[in-house]
Amino acid sequence: MSVQTVDHFFNPSSKDFIHDPVPTLEKLCNEYPISRFDAWQAWLVTGHANIIKCLLDTRLSTDFNLWEYAPPKKPIEEMDAFEKLMNNNLFFLDRKNHLRLRKLALPAFSPRIMEQMKERFSVLVKERFDEIGTPDSFNFAAEIAEIVPTQAIASLVGIPRDKFPIFDSLAYGVVRGINPMLTPDERKDAIKGVPEGLDLLNELIDERRADPGNDFLSTLILAEDQGSKLSNLEMCALVGAVLGAGSDTAVDLHSYLIKNLLQHPEQLDLLKADPGLVQGAISETLRYESSGKTGLARYASEDLDINGHEIKKGQMVQLITSTAGMDSSIYEEPRKFDIQRDHDKSISFGQGPHYCIGVTLVRSQTEVMLKELFKRFPNLSLGNETVYDYNHHNARRMDVMMVNTNLT
Ligand code: HEM
C-alpha cells in the first residue's frame, strides 16, 4: 500500500495551527488514517477506532528506549538527577516495570485521598482568588490556569506552603527539560531546580517513613505488592511523572474551559442552571478544543501491520488523539460545543494500561476552580487580549487570556 505523507499541510508549530487546529485535524481524521510525518520521523495514526486499536496493541510500547533513533542509554552512574528521574518515569518504563509501579501507585489515587484533596483545593483556590481581589479585568491564563494545577499537585504530595517555590522549580524542570528541541545550555538551565526539588521530596518521604499518616506519600510508602515496595527514587519519579502529565495538561484545560464557556454563553447558562453539568463541560472542552500539538507516542517492539501499512520494529507511531474528538462516526456535529453530549467513548484520558491516573484529581480541582470563579465573578466575560506562547514544545498554550469581571 502506498504511503501518504502529511508534511505539506501538517505543521503543529505554525501560528495557523495554534490559532485554529480544527481544519488540519479534520483533514487528518478524514483523509489520513495512517500516514508518515517526516518532520518527526514518525507514523501518524488518526481517528477514534484506529487510535484505540493502537492503544490496546501490546506491540506498541511507551518505552522511548525502543525508538530507532533513541540515544544509547547511559549507565545509571553517569546519569544526572533529571535523567535518573526520567529513567524511572511511568511513561518510559518497559511493560513489566510499568505494571509493578502502577499497581503500587494506584492506592495513592484512591477515592479516599481524592476526597481529602477536594477540601484542600477549595482552600487553595479561595486563597488564590483572594489574592486576585476584585479588579475590572485580569489575566486568567497567568493568574489562575498557570498556578492552580501545580499548587494542586504540591498539595497532593504534601509540600508545605512556604516550599511551593522549590516545588515549582522542580515542576518547571520536569515539564520543560523533556523538550527534545532544547540546546544543552537551555536544558541545563531548565532543569537547574531539579536537585533542590528532589532534596525536598526525599526529606518529606523520610519524615513520612518515620511517622506515616493517611496522606498521599504515606500511602505510597506503605504500598506493597508481593513483597515489593517503592524506593525513594521511584516515589520521586512518580511525583515527576505526575508533574509531567498533570500540570501542563491541566493548565490548558483551565484556560480552554473558561474560553469555551465564555464564547458559548448559552452553554454557560445551562451550566449555571445545572451545576451537575460541570463534568460534561470538562469532557466537552477536552474533545472540542484539544490543546496538544503532538499525540501520544508509541514505539514498535516488533514489526506489525496497521491498516495494511508495515510498521518496522523501533519506529515511532504518534497517535493524534485530538482527531478522535473530530470523528463524525463517534460525535454528531463535532464542531458544536455541547456540554450535554455523551462522552462514554471519550479517549481524552487515554485507554488501556496507561489510562490517566490523575483523572479524578484533575476533574475535581477544575470543578472547585470553576465554581469559585463564577461565585466571585458571575458576570465574567472574555476580554480582548489573547497571547499564545508560540514556542511551547507541545501545547497550544495561552500566556494571556484576559477576562473582564463586570462587577459594577
Ligand atoms: C486535563 C488534564 C489531563 C489530561 C487530558 C490527561 C491525559 C492523559 C492521557 C491521555 C494519558 C495516557 C497517556 C498515554 O497513553 O501515553 C495520561 C496518563 C497519565 N496521567 Fe493524565 N491527564 C491529565 C491530568 C493528569 C493529572 C492531574 C495527573 C496527576 C495528578 C495525571 C497523571 C497521569 C499519569 C501519571 C499518567 C501515566 C499513567 C501510566 O503511564 O500508567 N494526569 N493522562
# chains A, B, ... in the order shown; residues from 1 in each chain; ligands from 1

$ residues_around --residues "Ser348 in chain A" --least-positions-apart "6" --cutoff "12 Å" --atoms "only C-alpha atoms" --output "PyMOL selection string"
chain A and resi 48+51-52+249+253+282-292+295-296+319-326+355-356+359

$ residues_near_ligand --ligand "ligand 1" --cutoff "7 Å" --atoms "only C-alpha atoms and all ligand atoms" --output "VMD selection string"
chain A and resid 55 62 90 to 91 98 102 153 238 241 to 243 245 to 247 249 to 250 253 286 296 to 297 347 to 351 353 to 359 361 to 362

$ write_last_selection --atoms "N, CA and C atoms" --output "mmCIF file, in the first residue's frame"
data_model
loop_
_atom_site.group_PDB
_atom_site.id
_atom_site.type_symbol
_atom_site.label_atom_id
_atom_site.label_comp_id
_atom_site.auth_asym_id
_atom_site.auth_seq_id
_atom_site.Cartn_x
_atom_site.Cartn_y
_atom_site.Cartn_z
ATOM 1 N N LEU A 55 -3.782 1.869 21.019
ATOM 2 C CA LEU A 55 -3.581 1.992 22.476
ATOM 3 C C LEU A 55 -3.632 0.624 23.152
ATOM 4 N N THR A 62 5.260 2.427 25.249
ATOM 5 C CA THR A 62 5.631 3.819 25.552
ATOM 6 C C THR A 62 7.137 3.937 25.818
ATOM 7 N N LEU A 90 7.000 6.513 34.846
ATOM 8 C CA LEU A 90 5.966 5.562 34.379
ATOM 9 C C LEU A 90 5.867 5.494 32.855
ATOM 10 N N PHE A 91 6.030 6.662 32.210
ATOM 11 C CA PHE A 91 5.830 6.725 30.763
ATOM 12 C C PHE A 91 6.890 5.970 29.976
ATOM 13 N N HIS A 98 6.475 -1.107 34.412
ATOM 14 C CA HIS A 98 5.349 -0.179 34.434
ATOM 15 C C HIS A 98 4.201 -0.754 35.258
ATOM 16 N N ARG A 102 2.789 0.961 38.604
ATOM 17 C CA ARG A 102 1.416 1.478 38.543
ATOM 18 C C ARG A 102 0.556 0.841 39.646
ATOM 19 N N ILE A 153 -0.992 19.795 42.754
ATOM 20 C CA ILE A 153 -0.110 18.618 42.866
ATOM 21 C C ILE A 153 0.791 18.773 44.100
ATOM 22 N N LEU A 238 7.701 9.053 40.417
ATOM 23 C CA LEU A 238 6.242 9.065 40.270
ATOM 24 C C LEU A 238 5.731 10.513 40.396
ATOM 25 N N ALA A 241 6.466 12.113 37.232
ATOM 26 C CA ALA A 241 5.517 11.719 36.173
ATOM 27 C C ALA A 241 4.205 12.457 36.349
ATOM 28 N N VAL A 242 3.785 12.594 37.600
ATOM 29 C CA VAL A 242 2.531 13.282 37.892
ATOM 30 C C VAL A 242 2.647 14.764 37.477
ATOM 31 N N LEU A 243 3.823 15.346 37.769
ATOM 32 C CA LEU A 243 4.025 16.745 37.370
ATOM 33 C C LEU A 243 4.055 16.866 35.843
ATOM 34 N N ALA A 245 2.749 14.889 33.629
ATOM 35 C CA ALA A 245 1.480 14.566 32.968
ATOM 36 C C ALA A 245 0.349 15.453 33.441
ATOM 37 N N GLY A 246 0.460 15.968 34.664
ATOM 38 C CA GLY A 246 -0.711 16.588 35.269
ATOM 39 C C GLY A 246 -0.666 18.082 35.474
ATOM 40 N N SER A 247 0.477 18.728 35.189
ATOM 41 C CA SER A 247 0.448 20.178 35.400
ATOM 42 C C SER A 247 0.129 20.886 34.089
ATOM 43 N N THR A 249 -1.093 19.763 31.220
ATOM 44 C CA THR A 249 -2.396 19.400 30.649
ATOM 45 C C THR A 249 -3.525 20.135 31.374
ATOM 46 N N ALA A 250 -3.381 20.238 32.700
ATOM 47 C CA ALA A 250 -4.446 20.882 33.476
ATOM 48 C C ALA A 250 -4.439 22.400 33.287
ATOM 49 N N LEU A 253 -6.415 22.901 30.233
ATOM 50 C CA LEU A 253 -7.834 22.603 30.462
ATOM 51 C C LEU A 253 -8.515 23.797 31.149
ATOM 52 N N LEU A 286 -12.244 19.121 26.488
ATOM 53 C CA LEU A 286 -11.113 18.291 26.053
ATOM 54 C C LEU A 286 -11.341 17.730 24.645
ATOM 55 N N LEU A 296 0.092 10.927 21.364
ATOM 56 C CA LEU A 296 0.682 10.007 22.333
ATOM 57 C C LEU A 296 1.696 9.157 21.565
ATOM 58 N N ALA A 297 2.930 9.140 22.045
ATOM 59 C CA ALA A 297 3.991 8.441 21.312
ATOM 60 C C ALA A 297 4.042 6.968 21.695
ATOM 61 N N ILE A 347 -11.659 9.343 24.613
ATOM 62 C CA ILE A 347 -10.307 8.827 24.928
ATOM 63 C C ILE A 347 -9.381 9.986 25.307
ATOM 64 N N SER A 348 -9.967 11.085 25.773
ATOM 65 C CA SER A 348 -9.134 12.236 26.165
ATOM 66 C C SER A 348 -8.177 11.886 27.297
ATOM 67 N N PHE A 349 -8.550 10.906 28.135
ATOM 68 C CA PHE A 349 -7.651 10.491 29.220
ATOM 69 C C PHE A 349 -6.981 9.164 28.878
ATOM 70 N N GLY A 350 -6.945 8.814 27.606
ATOM 71 C CA GLY A 350 -6.295 7.592 27.156
ATOM 72 C C GLY A 350 -7.201 6.386 27.283
ATOM 73 N N GLN A 351 -6.609 5.242 27.109
ATOM 74 C CA GLN A 351 -7.334 3.971 27.226
ATOM 75 C C GLN A 351 -6.306 2.854 27.380
ATOM 76 N N PRO A 353 -3.591 0.241 29.339
ATOM 77 C CA PRO A 353 -2.690 0.154 30.505
ATOM 78 C C PRO A 353 -2.165 1.499 31.005
ATOM 79 N N HIS A 354 -2.139 2.526 30.164
ATOM 80 C CA HIS A 354 -1.596 3.824 30.607
ATOM 81 C C HIS A 354 -2.700 4.835 30.897
ATOM 82 N N TYR A 355 -3.942 4.354 31.032
ATOM 83 C CA TYR A 355 -5.067 5.278 31.273
ATOM 84 C C TYR A 355 -4.702 6.257 32.396
ATOM 85 N N CYS A 356 -5.068 7.515 32.211
ATOM 86 C CA CYS A 356 -4.655 8.592 33.128
ATOM 87 C C CYS A 356 -4.965 8.252 34.590
ATOM 88 N N ILE A 357 -3.943 8.352 35.398
ATOM 89 C CA ILE A 357 -4.074 8.015 36.814
ATOM 90 C C ILE A 357 -4.645 9.207 37.595
ATOM 91 N N GLY A 358 -4.569 10.411 36.981
ATOM 92 C CA GLY A 358 -4.961 11.626 37.704
ATOM 93 C C GLY A 358 -6.313 12.175 37.296
ATOM 94 N N VAL A 359 -7.121 11.341 36.618
ATOM 95 C CA VAL A 359 -8.367 11.859 36.056
ATOM 96 C C VAL A 359 -9.305 12.427 37.142
ATOM 97 N N LEU A 361 -8.481 13.536 40.074
ATOM 98 C CA LEU A 361 -7.857 14.723 40.660
ATOM 99 C C LEU A 361 -8.080 15.956 39.784
ATOM 100 N N VAL A 362 -7.854 15.817 38.491
ATOM 101 C CA VAL A 362 -7.966 16.990 37.628
ATOM 102 C C VAL A 362 -9.425 17.416 37.479
#

$ select_by_dssp --residues "range 251-359 of chain A" --states "strand (DSSP E)" --output "mmCIF file with C-alpha atoms, in the first residue's frame"
data_model
loop_
_atom_site.group_PDB
_atom_site.id
_atom_site.type_symbol
_atom_site.label_atom_id
_atom_site.label_comp_id
_atom_site.auth_asym_id
_atom_site.auth_seq_id
_atom_site.Cartn_x
_atom_site.Cartn_y
_atom_site.Cartn_z
ATOM 1 C CA LEU A 296 0.682 10.007 22.333
ATOM 2 C CA ALA A 297 3.991 8.441 21.312
ATOM 3 C CA ARG A 298 4.411 4.705 20.913
ATOM 4 C CA TYR A 299 7.395 2.641 19.740
ATOM 5 C CA ALA A 300 7.064 -0.689 17.906
ATOM 6 C CA LEU A 304 3.456 -5.046 12.888
ATOM 7 C CA ASP A 305 0.743 -4.116 10.453
ATOM 8 C CA ILE A 306 -1.587 -1.153 10.949
ATOM 9 C CA HIS A 309 0.934 -0.496 6.475
ATOM 10 C CA GLU A 310 4.025 -2.273 7.691
ATOM 11 C CA ILE A 311 5.462 -0.656 10.815
ATOM 12 C CA MET A 316 7.675 5.733 16.280
ATOM 13 C CA VAL A 317 3.899 5.941 15.971
ATOM 14 C CA GLN A 318 2.172 9.137 17.096
ATOM 15 C CA LEU A 319 -1.486 8.691 17.990
#

$ atom_distance --atom1 "CA of Asp225 in chain A" --atom2 "CA of Ala105 in chain A"
10.4 Å

$ atom_distance --atom1 "CA of Val3 in chain A" --atom2 "CA of Arg59 in chain A"
21.1 Å

$ atom_distance --atom1 "CA of His19 in chain A" --atom2 "CA of Glu143 in chain A"
21.5 Å

$ residues_around --residues "Phe164 in chain A" --least-positions-apart "3" --cutoff "9 Å" --atoms "only C-alpha atoms" --output "ChimeraX atom specification"
/A:150-151,154-155,159-161,167-169

$ write_last_selection --atoms "N, CA, C and O atoms" --output "mmCIF file, in the first residue's frame"
data_model
loop_
_atom_site.group_PDB
_atom_site.id
_atom_site.type_symbol
_atom_site.label_atom_id
_atom_site.label_comp_id
_atom_site.auth_asym_id
_atom_site.auth_seq_id
_atom_site.Cartn_x
_atom_site.Cartn_y
_atom_site.Cartn_z
ATOM 1 N N THR A 150 -0.321 23.277 39.462
ATOM 2 C CA THR A 150 0.907 22.863 40.154
ATOM 3 C C THR A 150 0.685 22.920 41.661
ATOM 4 O O THR A 150 1.169 22.069 42.419
ATOM 5 N N GLN A 151 -0.064 23.936 42.109
ATOM 6 C CA GLN A 151 -0.365 24.018 43.551
ATOM 7 C C GLN A 151 -1.161 22.789 43.990
ATOM 8 O O GLN A 151 -0.971 22.264 45.083
ATOM 9 N N ALA A 154 1.268 20.015 44.338
ATOM 10 C CA ALA A 154 2.098 20.250 45.533
ATOM 11 C C ALA A 154 1.309 19.856 46.776
ATOM 12 O O ALA A 154 1.828 19.207 47.691
ATOM 13 N N SER A 155 0.048 20.225 46.777
ATOM 14 C CA SER A 155 -0.757 19.942 47.955
ATOM 15 C C SER A 155 -1.074 18.448 48.060
ATOM 16 O O SER A 155 -1.103 17.892 49.159
ATOM 17 N N ILE A 159 3.503 19.114 50.117
ATOM 18 C CA ILE A 159 4.566 20.131 50.198
ATOM 19 C C ILE A 159 4.071 21.275 51.089
ATOM 20 O O ILE A 159 2.967 21.801 50.857
ATOM 21 N N PRO A 160 4.861 21.671 52.110
ATOM 22 C CA PRO A 160 4.425 22.814 52.929
ATOM 23 C C PRO A 160 4.330 24.083 52.074
ATOM 24 O O PRO A 160 5.091 24.259 51.120
ATOM 25 N N ARG A 161 3.395 24.951 52.442
ATOM 26 C CA ARG A 161 3.083 26.155 51.649
ATOM 27 C C ARG A 161 4.336 26.990 51.339
ATOM 28 O O ARG A 161 4.528 27.443 50.221
ATOM 29 N N PHE A 167 9.127 23.548 44.819
ATOM 30 C CA PHE A 167 8.384 22.531 44.061
ATOM 31 C C PHE A 167 8.071 23.047 42.642
ATOM 32 O O PHE A 167 8.119 22.300 41.675
ATOM 33 N N ASP A 168 7.793 24.348 42.548
ATOM 34 C CA ASP A 168 7.538 24.966 41.234
ATOM 35 C C ASP A 168 8.738 24.796 40.303
ATOM 36 O O ASP A 168 8.583 24.523 39.121
ATOM 37 N N SER A 169 9.941 24.978 40.863
ATOM 38 C CA SER A 169 11.147 24.843 40.029
ATOM 39 C C SER A 169 11.337 23.400 39.591
ATOM 40 O O SER A 169 11.775 23.129 38.472
#

$ select_by_dssp --residues "range 119-162 of chain A" --states "helix (DSSP H, G or I)" --output "ChimeraX atom specification"
/A:119-132,140-145,148-157,161-162

$ closest_residue --among "A:Glu78, A:Asp189, A:Asp162, A:Asp327" --to "Leu28 in chain A" --atoms "only C-alpha atoms"
A:Asp327

$ residues_around --residues "Asp206 in chain A" --least-positions-apart "4" --cutoff "12 Å" --atoms "only C-alpha atoms" --output "list in words"
Asp199, Leu200, Leu201, Asn202, Ala210, Asp211, Pro212, Leu217, Ser218, Ile221, Ser231, Asn232, Leu233, Met235 and Cys236 of chain A

$ closest_residue --among "A:Thr405, A:Asn88, A:Ser14, A:Asn179" --to "His393 in chain A" --atoms "only C-alpha atoms"
A:Asn179
